[in-house]
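query.tsv (TSV, N, CA and C atoms)
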chain	number	residue	atom	x	y	z
A	289	SER	N	65.66	190.25	209.44
A	289	SER	CA	66.37	189.33	208.55
A	289	SER	C	66.28	187.91	209.10
A	290	ARG	N	65.86	187.02	208.25
A	290	ARG	CA	65.68	185.62	208.63
A	290	ARG	C	67.03	184.93	208.75
A	291	ARG	N	67.19	184.14	209.81
A	291	ARG	CA	68.44	183.41	210.00
A	291	ARG	C	68.48	182.24	209.01
A	292	CYS	N	69.55	182.17	208.23
A	292	CYS	CA	69.71	181.03	207.34
A	292	CYS	C	70.17	179.84	208.17
A	293	MET	N	69.72	178.67	207.77
A	293	MET	CA	70.07	177.49	208.55
A	293	MET	C	70.85	176.51	207.68
A	294	ALA	N	71.94	176.01	208.24
A	294	ALA	CA	72.79	175.08	207.50
A	294	ALA	C	72.02	173.81	207.16
A	295	ASP	N	72.44	173.20	206.06
A	295	ASP	CA	71.80	171.97	205.61
A	295	ASP	C	72.88	171.02	205.10
A	296	CYS	N	72.59	169.74	205.15
A	296	CYS	CA	73.48	168.74	204.56
A	296	CYS	C	73.10	168.62	203.09
A	297	ASP	N	74.07	168.82	202.20
A	297	ASP	CA	73.81	168.80	200.76
A	297	ASP	C	73.87	167.39	200.20
A	298	TRP	N	74.87	166.60	200.60
A	298	TRP	CA	75.01	165.23	200.10
A	298	TRP	C	75.77	164.35	201.09
A	299	ILE	N	75.55	163.04	200.95
A	299	ILE	CA	76.22	162.02	201.76
A	299	ILE	C	76.69	160.92	200.81
A	300	ILE	N	77.95	160.53	200.91
A	300	ILE	CA	78.49	159.47	200.05
A	300	ILE	C	79.23	158.46	200.92
A	301	LEU	N	78.91	157.19	200.71
A	301	LEU	CA	79.55	156.09	201.43
A	301	LEU	C	80.69	155.55	200.56
A	302	CYS	N	81.87	155.37	201.16
A	302	CYS	CA	83.02	154.92	200.38
A	302	CYS	C	84.01	154.16	201.28
A	303	ASP	N	85.06	153.62	200.65
A	303	ASP	CA	86.08	152.90	201.39
A	303	ASP	C	87.02	153.85	202.14
A	304	TYR	N	87.44	154.92	201.47
A	304	TYR	CA	88.39	155.87	202.05
A	304	TYR	C	87.96	157.29	201.70
A	305	ALA	N	88.14	158.20	202.65
A	305	ALA	CA	87.93	159.63	202.39
A	305	ALA	C	89.01	160.40	203.12
A	306	PHE	N	89.53	161.42	202.46
A	306	PHE	CA	90.58	162.22	203.10
A	306	PHE	C	90.58	163.63	202.51
A	307	PRO	N	90.99	164.63	203.31
A	307	PRO	CA	91.04	165.99	202.81
A	307	PRO	C	92.27	166.18	201.92
A	308	ALA	N	92.09	166.91	200.82
A	308	ALA	CA	93.19	167.23	199.92
A	308	ALA	C	93.42	168.74	199.96
A	309	MET	N	94.23	169.24	199.04
A	309	MET	CA	94.52	170.67	199.01
A	309	MET	C	93.26	171.49	198.77
A	310	HIS	N	93.25	172.72	199.28
A	310	HIS	CA	92.20	173.71	199.05
A	310	HIS	C	90.83	173.23	199.53
A	311	GLY	N	90.81	172.40	200.58
A	311	GLY	CA	89.56	172.00	201.17
A	311	GLY	C	88.77	170.96	200.39
A	312	LYS	N	89.40	170.36	199.38
A	312	LYS	CA	88.69	169.34	198.60
A	312	LYS	C	88.66	168.03	199.39
A	313	LEU	N	87.56	167.31	199.26
A	313	LEU	CA	87.44	166.00	199.89
A	313	LEU	C	87.61	164.93	198.82
A	314	CYS	N	88.57	164.05	199.01
A	314	CYS	CA	88.78	162.94	198.09
A	314	CYS	C	88.08	161.70	198.64
A	315	MET	N	87.37	161.00	197.77
A	315	MET	CA	86.68	159.78	198.17
A	315	MET	C	87.04	158.67	197.19
A	316	ILE	N	87.41	157.51	197.74
A	316	ILE	CA	87.81	156.37	196.92
A	316	ILE	C	86.91	155.19	197.24
A	317	GLY	N	86.46	154.49	196.21
A	317	GLY	CA	85.67	153.28	196.40
A	317	GLY	C	84.25	153.55	196.86
A	318	VAL	N	83.51	154.37	196.11
A	318	VAL	CA	82.12	154.68	196.45
A	318	VAL	C	81.27	153.44	196.25
A	319	PHE	N	80.38	153.14	197.22
A	319	PHE	CA	79.52	151.96	197.09
A	319	PHE	C	78.20	152.18	197.81
A	320	ASP	N	77.21	151.34	197.49
A	320	ASP	CA	75.94	151.36	198.23
A	320	ASP	C	75.43	149.96	198.53
A	321	VAL	N	76.26	148.94	198.24
A	321	VAL	CA	75.91	147.56	198.56
A	321	VAL	C	77.10	146.91	199.26
A	322	ILE	N	76.83	146.20	200.36
A	322	ILE	CA	77.84	145.41	201.06
A	322	ILE	C	77.39	143.95	200.97
A	323	LEU	N	78.29	143.08	200.54
A	323	LEU	CA	77.97	141.66	200.41
A	323	LEU	C	78.55	140.90	201.60
A	324	ALA	N	77.78	139.96	202.13
A	324	ALA	CA	78.24	139.15	203.25
A	324	ALA	C	77.62	137.76	203.14
A	325	THR	N	78.34	136.75	203.62
A	325	THR	CA	77.82	135.39	203.56
A	325	THR	C	76.83	135.13	204.70
A	326	LYS	N	77.00	135.86	205.83
A	326	LYS	CA	76.10	135.65	206.97
A	326	LYS	C	75.90	136.98	207.70
A	327	SER	N	74.85	137.00	208.53
A	327	SER	CA	74.64	138.17	209.38
A	327	SER	C	74.56	137.68	210.83
A	328	PRO	N	75.02	138.46	211.82
A	328	PRO	CA	75.58	139.80	211.60
A	328	PRO	C	76.91	139.76	210.84
A	329	ALA	N	77.17	140.86	210.15
A	329	ALA	CA	78.40	140.97	209.36
A	329	ALA	C	79.22	142.13	209.90
A	330	LYS	N	80.55	141.97	209.92
A	330	LYS	CA	81.43	143.06	210.35
A	330	LYS	C	82.10	143.63	209.10
A	331	HIS	N	81.87	144.93	208.86
A	331	HIS	CA	82.51	145.59	207.72
A	331	HIS	C	83.78	146.27	208.25
A	332	PRO	N	84.96	145.86	207.73
A	332	PRO	CA	86.22	146.31	208.34
A	332	PRO	C	86.45	147.82	208.32
A	333	ARG	N	86.02	148.50	207.26
A	333	ARG	CA	86.31	149.92	207.19
A	333	ARG	C	85.34	150.59	206.22
A	334	LEU	N	84.71	151.65	206.68
A	334	LEU	CA	83.95	152.46	205.74
A	334	LEU	C	84.12	153.92	206.12
A	335	ALA	N	83.91	154.78	205.15
A	335	ALA	CA	84.00	156.21	205.37
A	335	ALA	C	82.73	156.85	204.83
A	336	ILE	N	82.32	157.91	205.49
A	336	ILE	CA	81.14	158.66	205.06
A	336	ILE	C	81.60	160.08	204.76
A	337	GLY	N	81.48	160.48	203.51
A	337	GLY	CA	81.79	161.85	203.12
A	337	GLY	C	80.49	162.64	203.03
A	338	PHE	N	80.52	163.91	203.43
A	338	PHE	CA	79.30	164.71	203.36
A	338	PHE	C	79.64	166.19	203.21
A	339	SER	N	78.64	166.95	202.79
A	339	SER	CA	78.80	168.38	202.58
A	339	SER	C	77.78	169.14	203.41
A	340	VAL	N	78.21	170.23	204.02
A	340	VAL	CA	77.32	171.12	204.76
A	340	VAL	C	77.33	172.48	204.07
A	341	ILE	N	76.13	173.00	203.79
A	341	ILE	CA	76.01	174.30	203.13
A	341	ILE	C	75.21	175.25	204.03
A	342	GLY	N	75.54	176.51	203.96
A	342	GLY	CA	74.83	177.51	204.76
A	342	GLY	C	75.48	178.87	204.58
A	343	GLU	N	75.41	179.68	205.61
A	343	GLU	CA	75.98	181.03	205.56
A	343	GLU	C	77.42	181.02	206.07
A	344	PRO	N	78.29	181.87	205.51
A	344	PRO	CA	79.66	181.98	206.02
A	344	PRO	C	79.66	182.26	207.53
A	345	GLY	N	80.48	181.50	208.26
A	345	GLY	CA	80.60	181.70	209.69
A	345	GLY	C	79.51	181.04	210.52
A	346	GLU	N	78.53	180.45	209.85
A	346	GLU	CA	77.44	179.78	210.58
A	346	GLU	C	77.99	178.61	211.39
A	347	THR	N	77.47	178.42	212.58
A	347	THR	CA	77.90	177.32	213.44
A	347	THR	C	76.73	176.41	213.74
A	348	GLY	N	77.04	175.20	214.13
A	348	GLY	CA	75.99	174.27	214.48
A	348	GLY	C	76.57	172.94	214.90
A	349	THR	N	75.68	171.97	215.07
A	349	THR	CA	76.06	170.63	215.47
A	349	THR	C	75.54	169.63	214.45
A	350	ILE	N	76.42	168.73	214.05
A	350	ILE	CA	76.06	167.64	213.13
A	350	ILE	C	75.82	166.39	213.97
A	351	LYS	N	74.70	165.73	213.74
A	351	LYS	CA	74.46	164.44	214.37
A	351	LYS	C	74.32	163.41	213.25
A	352	LEU	N	75.20	162.40	213.28
A	352	LEU	CA	75.18	161.36	212.27
A	352	LEU	C	74.76	160.05	212.92
A	353	GLU	N	73.84	159.33	212.26
A	353	GLU	CA	73.41	158.03	212.74
A	353	GLU	C	73.39	157.04	211.60
A	354	ILE	N	73.74	155.80	211.89
A	354	ILE	CA	73.52	154.70	210.95
A	354	ILE	C	72.41	153.85	211.56
A	355	ILE	N	71.36	153.64	210.76
A	355	ILE	CA	70.14	153.03	211.26
A	355	ILE	C	69.90	151.72	210.51
A	356	ALA	N	69.74	150.63	211.27
A	356	ALA	CA	69.52	149.29	210.70
A	356	ALA	C	68.11	149.17	210.12
A	357	PRO	N	67.87	148.12	209.32
A	357	PRO	CA	66.53	147.91	208.74
A	357	PRO	C	65.41	147.86	209.79
A	358	THR	N	65.73	147.45	211.01
A	358	THR	CA	64.72	147.39	212.09
A	358	THR	C	64.57	148.72	212.81
A	359	ALA	N	65.19	149.77	212.31
A	359	ALA	CA	65.13	151.14	212.86
A	359	ALA	C	66.01	151.33	214.10
A	360	LYS	N	66.84	150.35	214.44
A	360	LYS	CA	67.76	150.48	215.57
A	360	LYS	C	69.00	151.26	215.13
A	361	VAL	N	69.42	152.23	215.95
A	361	VAL	CA	70.64	153.00	215.65
A	361	VAL	C	71.83	152.13	216.03
A	362	ILE	N	72.70	151.83	215.05
A	362	ILE	CA	73.85	150.95	215.31
A	362	ILE	C	75.17	151.70	215.42
A	363	ALA	N	75.18	152.98	215.02
A	363	ALA	CA	76.38	153.80	215.16
A	363	ALA	C	75.94	155.26	215.16
A	364	GLU	N	76.63	156.07	215.95
A	364	GLU	CA	76.30	157.49	215.95
A	364	GLU	C	77.52	158.32	216.29
A	365	ALA	N	77.49	159.55	215.81
A	365	ALA	CA	78.58	160.48	216.07
A	365	ALA	C	78.00	161.89	216.08
A	366	GLU	N	78.67	162.78	216.82
A	366	GLU	CA	78.23	164.16	216.87
A	366	GLU	C	79.45	165.06	216.80
A	367	ALA	N	79.33	166.18	216.09
A	367	ALA	CA	80.45	167.12	215.97
A	367	ALA	C	79.92	168.53	215.77
A	368	ASN	N	80.67	169.50	216.27
A	368	ASN	CA	80.33	170.90	216.03
A	368	ASN	C	81.04	171.38	214.77
A	369	PHE	N	80.46	172.38	214.11
A	369	PHE	CA	81.08	172.92	212.90
A	369	PHE	C	80.93	174.43	212.86
A	370	THR	N	81.86	175.07	212.14
A	370	THR	CA	81.76	176.47	211.76
A	370	THR	C	82.05	176.54	210.27
A	371	LEU	N	81.11	177.07	209.51
A	371	LEU	CA	81.31	177.12	208.06
A	371	LEU	C	82.33	178.21	207.69
A	372	PRO	N	83.20	177.93	206.71
A	372	PRO	CA	84.20	178.91	206.27
A	372	PRO	C	83.55	180.01	205.43
A	373	ASP	N	84.38	180.93	204.94
A	373	ASP	CA	83.88	182.08	204.16
A	373	ASP	C	83.07	181.67	202.94
A	374	ALA	N	83.35	180.50	202.39
A	374	ALA	CA	82.63	180.05	201.20
A	374	ALA	C	81.18	179.66	201.53
A	375	GLY	N	80.89	179.42	202.81
A	375	GLY	CA	79.54	179.03	203.19
A	375	GLY	C	79.24	177.56	202.98
A	376	SER	N	80.26	176.79	202.63
A	376	SER	CA	80.08	175.35	202.50
A	376	SER	C	81.36	174.64	202.89
A	377	ALA	N	81.23	173.41	203.32
A	377	ALA	CA	82.40	172.64	203.72
A	377	ALA	C	82.11	171.16	203.54
A	378	GLN	N	83.15	170.41	203.23
A	378	GLN	CA	83.03	168.96	203.14
A	378	GLN	C	83.80	168.36	204.31
A	379	ALA	N	83.30	167.24	204.79
A	379	ALA	CA	83.96	166.56	205.89
A	379	ALA	C	83.76	165.06	205.72
A	380	HIS	N	84.43	164.29	206.55
A	380	HIS	CA	84.25	162.84	206.48
A	380	HIS	C	84.40	162.23	207.86
A	381	LEU	N	83.85	161.04	207.99
A	381	LEU	CA	83.91	160.29	209.23
A	381	LEU	C	84.25	158.86	208.86
A	382	GLU	N	85.21	158.27	209.55
A	382	GLU	CA	85.56	156.87	209.29
A	382	GLU	C	85.02	156.00	210.40
A	383	ILE	N	84.46	154.86	210.02
A	383	ILE	CA	83.92	153.92	211.00
A	383	ILE	C	84.58	152.56	210.79
A	384	PRO	N	85.48	152.18	211.70
A	384	PRO	CA	86.12	150.86	211.58
A	384	PRO	C	85.24	149.78	212.21
A	385	ASN	N	85.27	148.59	211.60
A	385	ASN	CA	84.61	147.40	212.17
A	385	ASN	C	83.15	147.62	212.55
A	386	LEU	N	82.39	148.17	211.61
A	386	LEU	CA	80.97	148.37	211.85
A	386	LEU	C	80.24	147.03	211.76
A	387	VAL	N	79.50	146.69	212.81
A	387	VAL	CA	78.73	145.45	212.82
A	387	VAL	C	77.33	145.73	212.26
A	388	LEU	N	77.00	145.02	211.18
A	388	LEU	CA	75.69	145.15	210.54
A	388	LEU	C	74.86	143.96	210.97
A	389	PRO	N	73.82	144.17	211.79
A	389	PRO	CA	73.14	143.06	212.45
A	389	PRO	C	72.27	142.18	211.55
A	390	GLU	N	71.84	142.70	210.40
A	390	GLU	CA	70.94	141.89	209.56
A	390	GLU	C	71.02	142.33	208.11
A	391	PHE	N	70.53	141.48	207.23
A	391	PHE	CA	70.45	141.83	205.81
A	391	PHE	C	69.33	142.86	205.63
A	392	GLY	N	69.49	143.71	204.63
A	392	GLY	CA	68.45	144.70	204.32
A	392	GLY	C	69.03	146.08	204.09
A	393	ARG	N	68.15	147.08	204.10
A	393	ARG	CA	68.53	148.45	203.75
A	393	ARG	C	68.78	149.28	205.01
A	394	TYR	N	69.95	149.89	205.04
A	394	TYR	CA	70.39	150.73	206.16
A	394	TYR	C	70.33	152.20	205.74
A	395	ALA	N	70.08	153.07	206.70
A	395	ALA	CA	70.07	154.51	206.46
A	395	ALA	C	71.29	155.14	207.12
A	396	ILE	N	71.90	156.08	206.41
A	396	ILE	CA	72.91	156.97	207.00
A	396	ILE	C	72.22	158.33	207.08
A	397	GLN	N	72.00	158.81	208.30
A	397	GLN	CA	71.23	160.04	208.48
A	397	GLN	C	72.09	161.12	209.10
A	398	ILE	N	72.05	162.30	208.50
A	398	ILE	CA	72.75	163.46	209.05
A	398	ILE	C	71.70	164.52	209.39
A	399	ASP	N	71.70	164.92	210.66
A	399	ASP	CA	70.71	165.87	211.16
A	399	ASP	C	71.46	167.09	211.68
A	400	LEU	N	71.13	168.26	211.14
A	400	LEU	CA	71.73	169.50	211.62
A	400	LEU	C	70.78	170.27	212.53
A	401	GLY	N	69.62	169.68	212.80
A	401	GLY	CA	68.72	170.25	213.79
A	401	GLY	C	67.63	171.15	213.26
A	402	ASP	N	67.87	171.90	212.20
A	402	ASP	CA	66.90	172.90	211.75
A	402	ASP	C	66.00	172.40	210.62
A	403	ASN	N	66.56	171.70	209.67
A	403	ASN	CA	65.81	171.21	208.52
A	403	ASN	C	65.59	169.71	208.65
A	404	LEU	N	64.90	169.13	207.69
A	404	LEU	CA	64.75	167.68	207.68
A	404	LEU	C	66.12	167.03	207.57
A	405	PRO	N	66.34	165.91	208.25
A	405	PRO	CA	67.62	165.22	208.12
A	405	PRO	C	67.84	164.76	206.68
A	406	LYS	N	69.11	164.69	206.29
A	406	LYS	CA	69.47	164.15	204.98
A	406	LYS	C	69.78	162.67	205.18
A	407	VAL	N	69.32	161.83	204.25
A	407	VAL	CA	69.51	160.40	204.39
A	407	VAL	C	70.11	159.82	203.11
A	408	ALA	N	71.08	158.94	203.28
A	408	ALA	CA	71.61	158.13	202.17
A	408	ALA	C	71.40	156.67	202.59
A	409	TRP	N	71.38	155.79	201.62
A	409	TRP	CA	71.03	154.38	201.89
A	409	TRP	C	72.12	153.45	201.41
A	410	PHE	N	72.28	152.32	202.11
A	410	PHE	CA	73.07	151.21	201.57
A	410	PHE	C	72.40	149.91	201.98
A	411	THR	N	72.72	148.85	201.26
A	411	THR	CA	72.06	147.56	201.47
A	411	THR	C	73.09	146.49	201.81
A	412	LEU	N	72.78	145.70	202.84
A	412	LEU	CA	73.58	144.49	203.14
A	412	LEU	C	72.87	143.33	202.48
A	413	LYS	N	73.55	142.74	201.47
A	413	LYS	CA	72.97	141.64	200.71
A	413	LYS	C	73.71	140.35	201.01
A	414	GLN	N	72.97	139.26	200.97
A	414	GLN	CA	73.58	137.96	201.22
A	414	GLN	C	74.26	137.44	199.96
A	415	LEU	N	75.51	137.06	200.13
A	415	LEU	CA	76.29	136.46	199.05
A	415	LEU	C	76.03	134.97	199.10
A	416	SER	N	75.57	134.41	198.00
A	416	SER	CA	75.29	132.97	198.01
A	416	SER	C	76.57	132.19	198.17
A	417	ALA	N	76.54	131.20	199.03
A	417	ALA	CA	77.74	130.45	199.40
A	417	ALA	C	78.30	129.67	198.21
Kindly transcribe the structure held in the file into structure tokens.
Amino acid sequence: SRRCMADCDWIILCDYAFPAMHGKLCMIGVFDVILATKSPAKHPRLAIGFSVIGEPGETGTIKLEIIAPTAKVIAEAEANFTLPDAGSAQAHLEIPNLVLPEFGRYAIQIDLGDNLPKVAWFTLKQLSA
């Protein structure tokens, strides 16, 4: 029997994320563009909501990275997980005061080790003065 391997199903960038009843993840203020007058820019608060799917009871490690347009990793986090009986779970990570070093397209990458990493994108755009 082939071992099933967990995968990241989706990644959503938002202002706030929090767990609600029955394992639901609530996300408020979904966005994919950050406006700033200059770079580097400090974003006061962002949250990353994501879903992991696989087999019930499956365990593993999540590695999350935020990657700048120049391919430099500007934030990272790692966590272990065990999937519940449903075989899927939602989680979130909050990042306060993230410094975005330049204008352009950033990647949010979640790697569970077995499959290709899942990537979501956001853009830091210059706000005309």
Could you give me the centre and size, in Å to one decimal, of an axis-aligned box around all listed atoms of range 378-392 of chain A with 6 Å added on every side, as JSON?
{"center_x": 77.3, "center_y": 155.9, "center_z": 208.0, "size_x": 29.7, "size_y": 40.9, "size_z": 21.7}
Compute the distance from (71.4, 164.0, 203.8) to each atom, counting only C-alpha atoms, keep the residues with any atom at most 9 Å away, and return them as an MDAnalysis selection string; use the coordinates of the file.
chainID A and resid 295:299 338:339 396:399 404:408
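Nearest residue to Phe369 in chain A among A:Asn403, A:Ser416, A:Ser327, A:Thr349 is A:Thr349, counting all atoms listed in the file.
Atom to atom, atom N of Ile354 in chain A and CA of Gly375 in chain A stand 25.5 Å apart.
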Separation of CA of Ala359 in chain A from CA of Pro389 in chain A, in Å and rounded to one decimal
11.4 Å
Report as a ChimeraX atom specification: the residues of chain A with a DSSP assignment of strand (DSSP E or B), based on the backbone of this structure.
/A:295-307,313-318,321-324,329-341,347-355,361-370,376-388,392-399,406-414
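Note that atom C of Val340 in chain A and CA of Pro384 in chain A are 24.5 Å apart.
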Contacts of Leu412 in chain A at 6.5 Å (all atoms listed in the file; same-chain gap of 3+ positions) as a ChimeraX atom specification:
/A:321-324,390-394
So which residues touch Asn385 in chain A within 6 Å, counting only C-alpha atoms, skipping near sequence neighbours fewer than 4 positions away, as a PyMOL selection string?
chain A and resi 330-333
Please produce a file of the residues just selected, as a PDB file, in the frame of the given file, where the atoms kept are N, CA and C atoms.
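File produced: result-v1.pdb:
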ATOM      1  N   LYS A 330      80.550 141.970 209.920  1.00  0.00           N
ATOM      2  CA  LYS A 330      81.430 143.060 210.350  1.00  0.00           C
ATOM      3  C   LYS A 330      82.100 143.630 209.100  1.00  0.00           C
ATOM      4  N   HIS A 331      81.870 144.930 208.860  1.00  0.00           N
ATOM      5  CA  HIS A 331      82.510 145.590 207.720  1.00  0.00           C
ATOM      6  C   HIS A 331      83.780 146.270 208.250  1.00  0.00           C
ATOM      7  N   PRO A 332      84.960 145.860 207.730  1.00  0.00           N
ATOM      8  CA  PRO A 332      86.220 146.310 208.340  1.00  0.00           C
ATOM      9  C   PRO A 332      86.450 147.820 208.320  1.00  0.00           C
ATOM     10  N   ARG A 333      86.020 148.500 207.260  1.00  0.00           N
ATOM     11  CA  ARG A 333      86.310 149.920 207.190  1.00  0.00           C
ATOM     12  C   ARG A 333      85.340 150.590 206.220  1.00  0.00           C
TER      13      ARG A 333
END
Between A:Phe410, A:Glu353, A:Ala395, A:Leu381, smallest distance to Ala305 in chain A by only C-alpha atoms belongs to A:Leu381
As a list in words, please: the residues near Ile316 in chain A (cut-off 12 Å, only C-alpha atoms, same-chain neighbours under 2 positions excluded).
Ile300, Leu301, Cys302, Asp303, Tyr304, Ala305, Phe306, Pro307, Leu313, Cys314, Val318, Phe319, Leu334, Ala335, Ile336 and Gly337 of chain A
